[in-house]
Amino acid sequence: MKLIFATNNQHKVDEIQHIIGNKFDVISLKQAGIDIDIPEPHDTLEENAVEKSSTIYKLTDTDCFSEDTGLEVEALNGEPGVKSARYAGDVKDFNKNIEKLLFKLGNDNNRKARFRTVISLIINKEQHLFEGICEGEIISSPAGSNGFGYDSVFVPAGATRTFAEMTMEEKNTFSHRKKATEKLVLFLNKLNIR
Ligand code: IMP
């Protein structure tokens, strides 16, 4: 079964295809021939995820899903949260975002943070939401070069290394996106689509 994944982030496509396996064929926007930067204008991950899936559904009339993820840091009252991608400015810049995050946290002893993913699926003209959370903490300087975004400063609970020091398989044993995607897969499996 074919599902369009409403994202331009190839890392996310790879991660999710890896979790979903062969049963569902995840098509990226690029593969679907769609070249747009979908707006994320809202104040919640849920609203942004819905906006992205609805935009692509309207364009393609094809079953699709989207996801929106934020890093929520306790000592910063949930920042960067829904603003994670553009925390340091309008242009998406992973390094600048990390610099700003570490600067704002300073020497605060409370390093607690979590990644939260919301997936919005539109299938058979109906919309469904799935959530995945990964608790962890922010370290004081980046470590590792795998992954993307805030991976190099985030150590998930129960681990001693950052996401950026892990392989994709290792990251997926903890990951927020993995947890939300598993709920999506469970739901799709129950639909009994062959
Ligand atoms: P998006 O709006 O869902 O694309 O995600 C917002 C931002 O959160 C991204 O630009 C990344 O900086 C960050 N982000 C999302 N998922 C992850 C992840 O798995 N690891 C590290 N950073 C992430």
# chains A, B, ... in the order shown; residues from 1 in each chain; ligands from 1
>>> residues_near_ligand(ligand="ligand 1", cutoff="7 Å", atoms="only C-alpha atoms and all ligand atoms", output="PDB file with N, CA and C atoms, in the first residue's frame")
ATOM      1  N   GLU A  67       4.199  14.454   9.929  1.00  0.00           N
ATOM      2  CA  GLU A  67       4.532  14.485  11.348  1.00  0.00           C
ATOM      3  C   GLU A  67       5.139  15.821  11.702  1.00  0.00           C
ATOM      4  N   ASP A  68       4.960  16.206  12.943  1.00  0.00           N
ATOM      5  CA  ASP A  68       5.622  17.409  13.429  1.00  0.00           C
ATOM      6  C   ASP A  68       6.251  17.041  14.767  1.00  0.00           C
ATOM      7  N   THR A  69       7.498  17.460  14.938  1.00  0.00           N
ATOM      8  CA  THR A  69       8.244  17.103  16.143  1.00  0.00           C
ATOM      9  C   THR A  69       8.802  18.350  16.788  1.00  0.00           C
ATOM     10  N   GLY A  70       8.842  18.357  18.105  1.00  0.00           N
ATOM     11  CA  GLY A  70       9.474  19.465  18.813  1.00  0.00           C
ATOM     12  C   GLY A  70      10.303  18.940  19.963  1.00  0.00           C
ATOM     13  N   LEU A  71      11.336  19.690  20.293  1.00  0.00           N
ATOM     14  CA  LEU A  71      12.142  19.401  21.481  1.00  0.00           C
ATOM     15  C   LEU A  71      11.618  20.302  22.591  1.00  0.00           C
ATOM     16  N   LYS A  83       8.651  25.624  17.813  1.00  0.00           N
ATOM     17  CA  LYS A  83       9.581  26.485  17.040  1.00  0.00           C
ATOM     18  C   LYS A  83      10.931  25.798  16.821  1.00  0.00           C
ATOM     19  N   SER A  84      11.028  24.504  17.065  1.00  0.00           N
ATOM     20  CA  SER A  84      12.331  23.819  17.044  1.00  0.00           C
ATOM     21  C   SER A  84      13.129  24.033  15.764  1.00  0.00           C
ATOM     22  N   ALA A  85      12.448  24.013  14.622  1.00  0.00           N
ATOM     23  CA  ALA A  85      13.170  24.099  13.338  1.00  0.00           C
ATOM     24  C   ALA A  85      13.795  25.473  13.125  1.00  0.00           C
ATOM     25  N   LYS A  92      16.316  27.720   8.533  1.00  0.00           N
ATOM     26  CA  LYS A  92      16.543  26.522   9.360  1.00  0.00           C
ATOM     27  C   LYS A  92      18.032  26.231   9.438  1.00  0.00           C
ATOM     28  N   PHE A  94      20.596  23.969  11.893  1.00  0.00           N
ATOM     29  CA  PHE A  94      20.725  23.067  13.048  1.00  0.00           C
ATOM     30  C   PHE A  94      21.774  23.568  14.044  1.00  0.00           C
ATOM     31  N   GLY A 147      22.585  11.534  12.361  1.00  0.00           N
ATOM     32  CA  GLY A 147      21.274  12.134  12.585  1.00  0.00           C
ATOM     33  C   GLY A 147      21.181  13.578  12.141  1.00  0.00           C
ATOM     34  N   PHE A 148      20.361  14.360  12.821  1.00  0.00           N
ATOM     35  CA  PHE A 148      20.103  15.741  12.404  1.00  0.00           C
ATOM     36  C   PHE A 148      19.555  16.535  13.598  1.00  0.00           C
ATOM     37  N   GLY A 149      19.271  17.807  13.340  1.00  0.00           N
ATOM     38  CA  GLY A 149      18.619  18.641  14.354  1.00  0.00           C
ATOM     39  C   GLY A 149      19.399  18.677  15.658  1.00  0.00           C
ATOM     40  N   TYR A 150      18.710  18.385  16.754  1.00  0.00           N
ATOM     41  CA  TYR A 150      19.298  18.466  18.090  1.00  0.00           C
ATOM     42  C   TYR A 150      19.901  17.132  18.540  1.00  0.00           C
ATOM     43  N   ASP A 151      20.062  16.186  17.622  1.00  0.00           N
ATOM     44  CA  ASP A 151      20.544  14.847  17.995  1.00  0.00           C
ATOM     45  C   ASP A 151      21.858  14.876  18.776  1.00  0.00           C
ATOM     46  N   SER A 175      13.419   6.234  20.075  1.00  0.00           N
ATOM     47  CA  SER A 175      12.933   7.469  19.473  1.00  0.00           C
ATOM     48  C   SER A 175      11.430   7.731  19.552  1.00  0.00           C
ATOM     49  N   ARG A 177       9.848   9.402  17.312  1.00  0.00           N
ATOM     50  CA  ARG A 177       9.239   9.145  15.994  1.00  0.00           C
ATOM     51  C   ARG A 177       8.884   7.674  15.860  1.00  0.00           C
TER      52      ARG A 177
END
>>> residues_around(residues="stretch 127-141 of chain A", least_positions_apart="5", cutoff="6 Å", atoms="only C-alpha atoms", output="list in words")
Arg111, Lys112, Ala113, Arg114, Phe115, Arg116, Thr117, Val118, Ile119, Ser120, Leu121, Ile122, Val153, Phe154, Val155, Pro156, Ala157, Ser175, His176, Lys179 and Ala180 of chain A
>>> write_last_selection(atoms="C-alpha atoms", output="mmCIF file, in the first residue's frame")
data_model
loop_
_atom_site.group_PDB
_atom_site.id
_atom_site.type_symbol
_atom_site.label_atom_id
_atom_site.label_comp_id
_atom_site.auth_asym_id
_atom_site.auth_seq_id
_atom_site.Cartn_x
_atom_site.Cartn_y
_atom_site.Cartn_z
ATOM 1 C CA ARG A 111 18.782 19.448 31.792
ATOM 2 C CA LYS A 112 15.499 17.529 31.400
ATOM 3 C CA ALA A 113 14.038 17.539 27.890
ATOM 4 C CA ARG A 114 11.834 15.470 25.681
ATOM 5 C CA PHE A 115 11.175 15.037 22.000
ATOM 6 C CA ARG A 116 7.500 14.862 21.122
ATOM 7 C CA THR A 117 6.233 13.700 17.738
ATOM 8 C CA VAL A 118 2.690 14.007 16.456
ATOM 9 C CA ILE A 119 1.671 12.112 13.321
ATOM 10 C CA SER A 120 -1.435 13.074 11.372
ATOM 11 C CA LEU A 121 -2.762 10.381 9.042
ATOM 12 C CA ILE A 122 -5.460 10.913 6.435
ATOM 13 C CA VAL A 153 22.997 17.362 22.355
ATOM 14 C CA PHE A 154 20.226 14.934 23.359
ATOM 15 C CA VAL A 155 20.867 11.807 25.439
ATOM 16 C CA PRO A 156 17.729 9.669 25.787
ATOM 17 C CA ALA A 157 16.825 8.300 29.246
ATOM 18 C CA SER A 175 12.933 7.469 19.473
ATOM 19 C CA HIS A 176 9.790 9.593 19.737
ATOM 20 C CA LYS A 179 6.876 5.356 19.151
ATOM 21 C CA ALA A 180 4.427 7.476 17.146
#
>>> closest_residue(among="A:Asp90, A:Glu15, A:Thr7, A:Lys2", to="A:Met168", atoms="only C-alpha atoms")
A:Glu15
>>> select_by_dssp(residues="stretch 1-185 of chain A", states="alpha helix (DSSP H)", output="number ranges by chain")
A: 10-20, 45-60, 94-105, 168-174, 176-185
>>> atom_distance(atom1="atom CA of A:Leu186", atom2="atom CA of A:Phe174")
17.8 Å
>>> select_by_dssp(residues="stretch 53-160 of chain A", states="strand (DSSP E or B)", output="JSON, numbers by chain")
{"A": [64, 65, 66, 67, 68, 69, 70, 71, 72, 73, 80, 81, 112, 113, 114, 115, 116, 117, 118, 119, 120, 121, 122, 123, 126, 127, 128, 129, 130, 131, 132, 133, 134, 135, 136, 137, 138, 154, 155, 156]}
>>> write_last_selection(atoms="N, CA, C and O atoms", output="compact mmCIF listing (two decimals), in the first residue's frame")
# COMPACT_ATOMS: atom_id res chain seq x y z
N CYS A 64 -2.28 9.85 3.01
CA CYS A 64 -0.97 10.42 3.33
C CYS A 64 -0.85 10.65 4.83
O CYS A 64 -1.83 10.56 5.56
N PHE A 65 0.36 10.89 5.27
CA PHE A 65 0.56 11.28 6.66
C PHE A 65 1.65 12.32 6.75
O PHE A 65 2.46 12.49 5.83
N SER A 66 1.65 13.01 7.89
CA SER A 66 2.70 14.01 8.12
C SER A 66 3.09 13.87 9.58
O SER A 66 2.39 13.22 10.35
N GLU A 67 4.20 14.45 9.93
CA GLU A 67 4.53 14.48 11.35
C GLU A 67 5.14 15.82 11.70
O GLU A 67 5.71 16.49 10.84
N ASP A 68 4.96 16.21 12.94
CA ASP A 68 5.62 17.41 13.43
C ASP A 68 6.25 17.04 14.77
O ASP A 68 5.64 16.36 15.58
N THR A 69 7.50 17.46 14.94
CA THR A 69 8.24 17.10 16.14
C THR A 69 8.80 18.35 16.79
O THR A 69 9.21 19.28 16.09
N GLY A 70 8.84 18.36 18.11
CA GLY A 70 9.47 19.46 18.81
C GLY A 70 10.30 18.94 19.96
O GLY A 70 10.03 17.87 20.52
N LEU A 71 11.34 19.69 20.29
CA LEU A 71 12.14 19.40 21.48
C LEU A 71 11.62 20.30 22.59
O LEU A 71 11.61 21.53 22.43
N GLU A 72 11.18 19.71 23.70
CA GLU A 72 10.58 20.49 24.79
C GLU A 72 11.50 20.42 26.01
O GLU A 72 11.69 19.36 26.59
N VAL A 73 12.10 21.56 26.34
CA VAL A 73 13.10 21.60 27.42
C VAL A 73 12.45 22.17 28.68
O VAL A 73 11.90 23.29 28.66
N PRO A 80 12.48 24.71 22.73
CA PRO A 80 11.97 25.45 21.56
C PRO A 80 10.62 24.93 21.06
O PRO A 80 9.95 25.61 20.31
N GLY A 81 10.20 23.73 21.48
CA GLY A 81 8.87 23.22 21.16
C GLY A 81 8.51 23.31 19.70
O GLY A 81 9.27 22.88 18.83
N LYS A 112 16.56 18.42 31.91
CA LYS A 112 15.50 17.53 31.40
C LYS A 112 14.85 18.05 30.12
O LYS A 112 14.52 19.25 30.02
N ALA A 113 14.66 17.15 29.16
CA ALA A 113 14.04 17.54 27.89
C ALA A 113 13.32 16.33 27.32
O ALA A 113 13.55 15.20 27.75
N ARG A 114 12.45 16.60 26.38
CA ARG A 114 11.83 15.47 25.68
C ARG A 114 11.56 15.85 24.24
O ARG A 114 11.31 17.02 23.93
N PHE A 115 11.65 14.87 23.36
CA PHE A 115 11.17 15.04 22.00
C PHE A 115 9.74 14.54 21.96
O PHE A 115 9.42 13.49 22.54
N ARG A 116 8.90 15.31 21.29
CA ARG A 116 7.50 14.86 21.12
C ARG A 116 7.15 14.91 19.64
O ARG A 116 7.37 15.93 18.98
N THR A 117 6.65 13.80 19.14
CA THR A 117 6.23 13.70 17.74
C THR A 117 4.73 13.51 17.66
O THR A 117 4.16 12.71 18.41
N VAL A 118 4.11 14.23 16.75
CA VAL A 118 2.69 14.01 16.46
C VAL A 118 2.56 13.65 14.98
O VAL A 118 3.08 14.38 14.12
N ILE A 119 1.92 12.53 14.71
CA ILE A 119 1.67 12.11 13.32
C ILE A 119 0.20 12.33 13.01
O ILE A 119 -0.67 11.98 13.82
N SER A 120 -0.05 12.94 11.86
CA SER A 120 -1.43 13.07 11.37
C SER A 120 -1.58 12.23 10.13
O SER A 120 -0.86 12.42 9.14
N LEU A 121 -2.51 11.28 10.18
CA LEU A 121 -2.76 10.38 9.04
C LEU A 121 -4.11 10.73 8.43
O LEU A 121 -5.09 10.92 9.17
N ILE A 122 -4.15 10.81 7.10
CA ILE A 122 -5.46 10.91 6.43
C ILE A 122 -5.62 9.67 5.57
O ILE A 122 -4.82 9.43 4.66
N ILE A 123 -6.59 8.86 5.93
CA ILE A 123 -6.84 7.63 5.17
C ILE A 123 -8.35 7.43 5.07
O ILE A 123 -9.08 7.71 6.03
N GLU A 126 -10.55 10.10 6.38
CA GLU A 126 -10.63 10.42 7.80
C GLU A 126 -9.25 10.73 8.35
O GLU A 126 -8.26 10.20 7.87
N GLN A 127 -9.26 11.58 9.39
CA GLN A 127 -7.99 11.98 9.97
C GLN A 127 -7.75 11.40 11.36
O GLN A 127 -8.68 11.32 12.16
N HIS A 128 -6.52 10.96 11.62
CA HIS A 128 -6.20 10.33 12.90
C HIS A 128 -4.85 10.87 13.40
O HIS A 128 -3.95 11.10 12.60
N LEU A 129 -4.74 11.03 14.74
CA LEU A 129 -3.48 11.54 15.33
C LEU A 129 -2.81 10.47 16.19
O LEU A 129 -3.49 9.71 16.88
N PHE A 130 -1.47 10.43 16.15
CA PHE A 130 -0.68 9.49 16.96
C PHE A 130 0.48 10.26 17.58
O PHE A 130 1.11 11.07 16.91
N GLU A 131 0.77 9.98 18.87
CA GLU A 131 1.82 10.73 19.57
C GLU A 131 2.94 9.80 20.05
O GLU A 131 2.68 8.66 20.44
N GLY A 132 4.17 10.27 20.02
CA GLY A 132 5.30 9.52 20.58
C GLY A 132 6.21 10.47 21.35
O GLY A 132 6.50 11.58 20.89
N ILE A 133 6.64 10.04 22.55
CA ILE A 133 7.48 10.90 23.39
C ILE A 133 8.75 10.17 23.77
O ILE A 133 8.72 8.97 24.07
N CYS A 134 9.88 10.87 23.72
CA CYS A 134 11.16 10.30 24.19
C CYS A 134 11.74 11.26 25.23
O CYS A 134 12.09 12.40 24.90
N GLU A 135 11.83 10.80 26.48
CA GLU A 135 12.39 11.63 27.55
C GLU A 135 13.91 11.53 27.52
O GLU A 135 14.47 10.51 27.10
N GLY A 136 14.57 12.57 28.01
CA GLY A 136 16.03 12.52 28.05
C GLY A 136 16.60 13.78 28.65
O GLY A 136 15.92 14.48 29.40
N GLU A 137 17.86 14.08 28.29
CA GLU A 137 18.45 15.33 28.79
C GLU A 137 19.41 15.95 27.78
O GLU A 137 19.89 15.28 26.86
N ILE A 138 19.64 17.25 27.99
CA ILE A 138 20.52 18.02 27.10
C ILE A 138 21.91 18.09 27.73
O ILE A 138 22.05 18.50 28.89
N PHE A 154 21.30 15.63 22.63
CA PHE A 154 20.23 14.93 23.36
C PHE A 154 20.62 13.50 23.68
O PHE A 154 20.92 12.71 22.78
N VAL A 155 20.62 13.18 24.99
CA VAL A 155 20.87 11.81 25.44
C VAL A 155 19.55 11.24 25.96
O VAL A 155 18.99 11.76 26.93
N PRO A 156 19.01 10.22 25.31
CA PRO A 156 17.73 9.67 25.79
C PRO A 156 17.88 8.97 27.14
O PRO A 156 18.96 8.44 27.44
>>> closest_residue(among="A:Ser54, A:Ser152, A:Asp61, A:Ile20", to="A:Asn97", atoms="only C-alpha atoms")
A:Ser152
>>> atom_distance(atom1="atom CA of A:His18", atom2="atom CA of A:Leu191")
20.7 Å
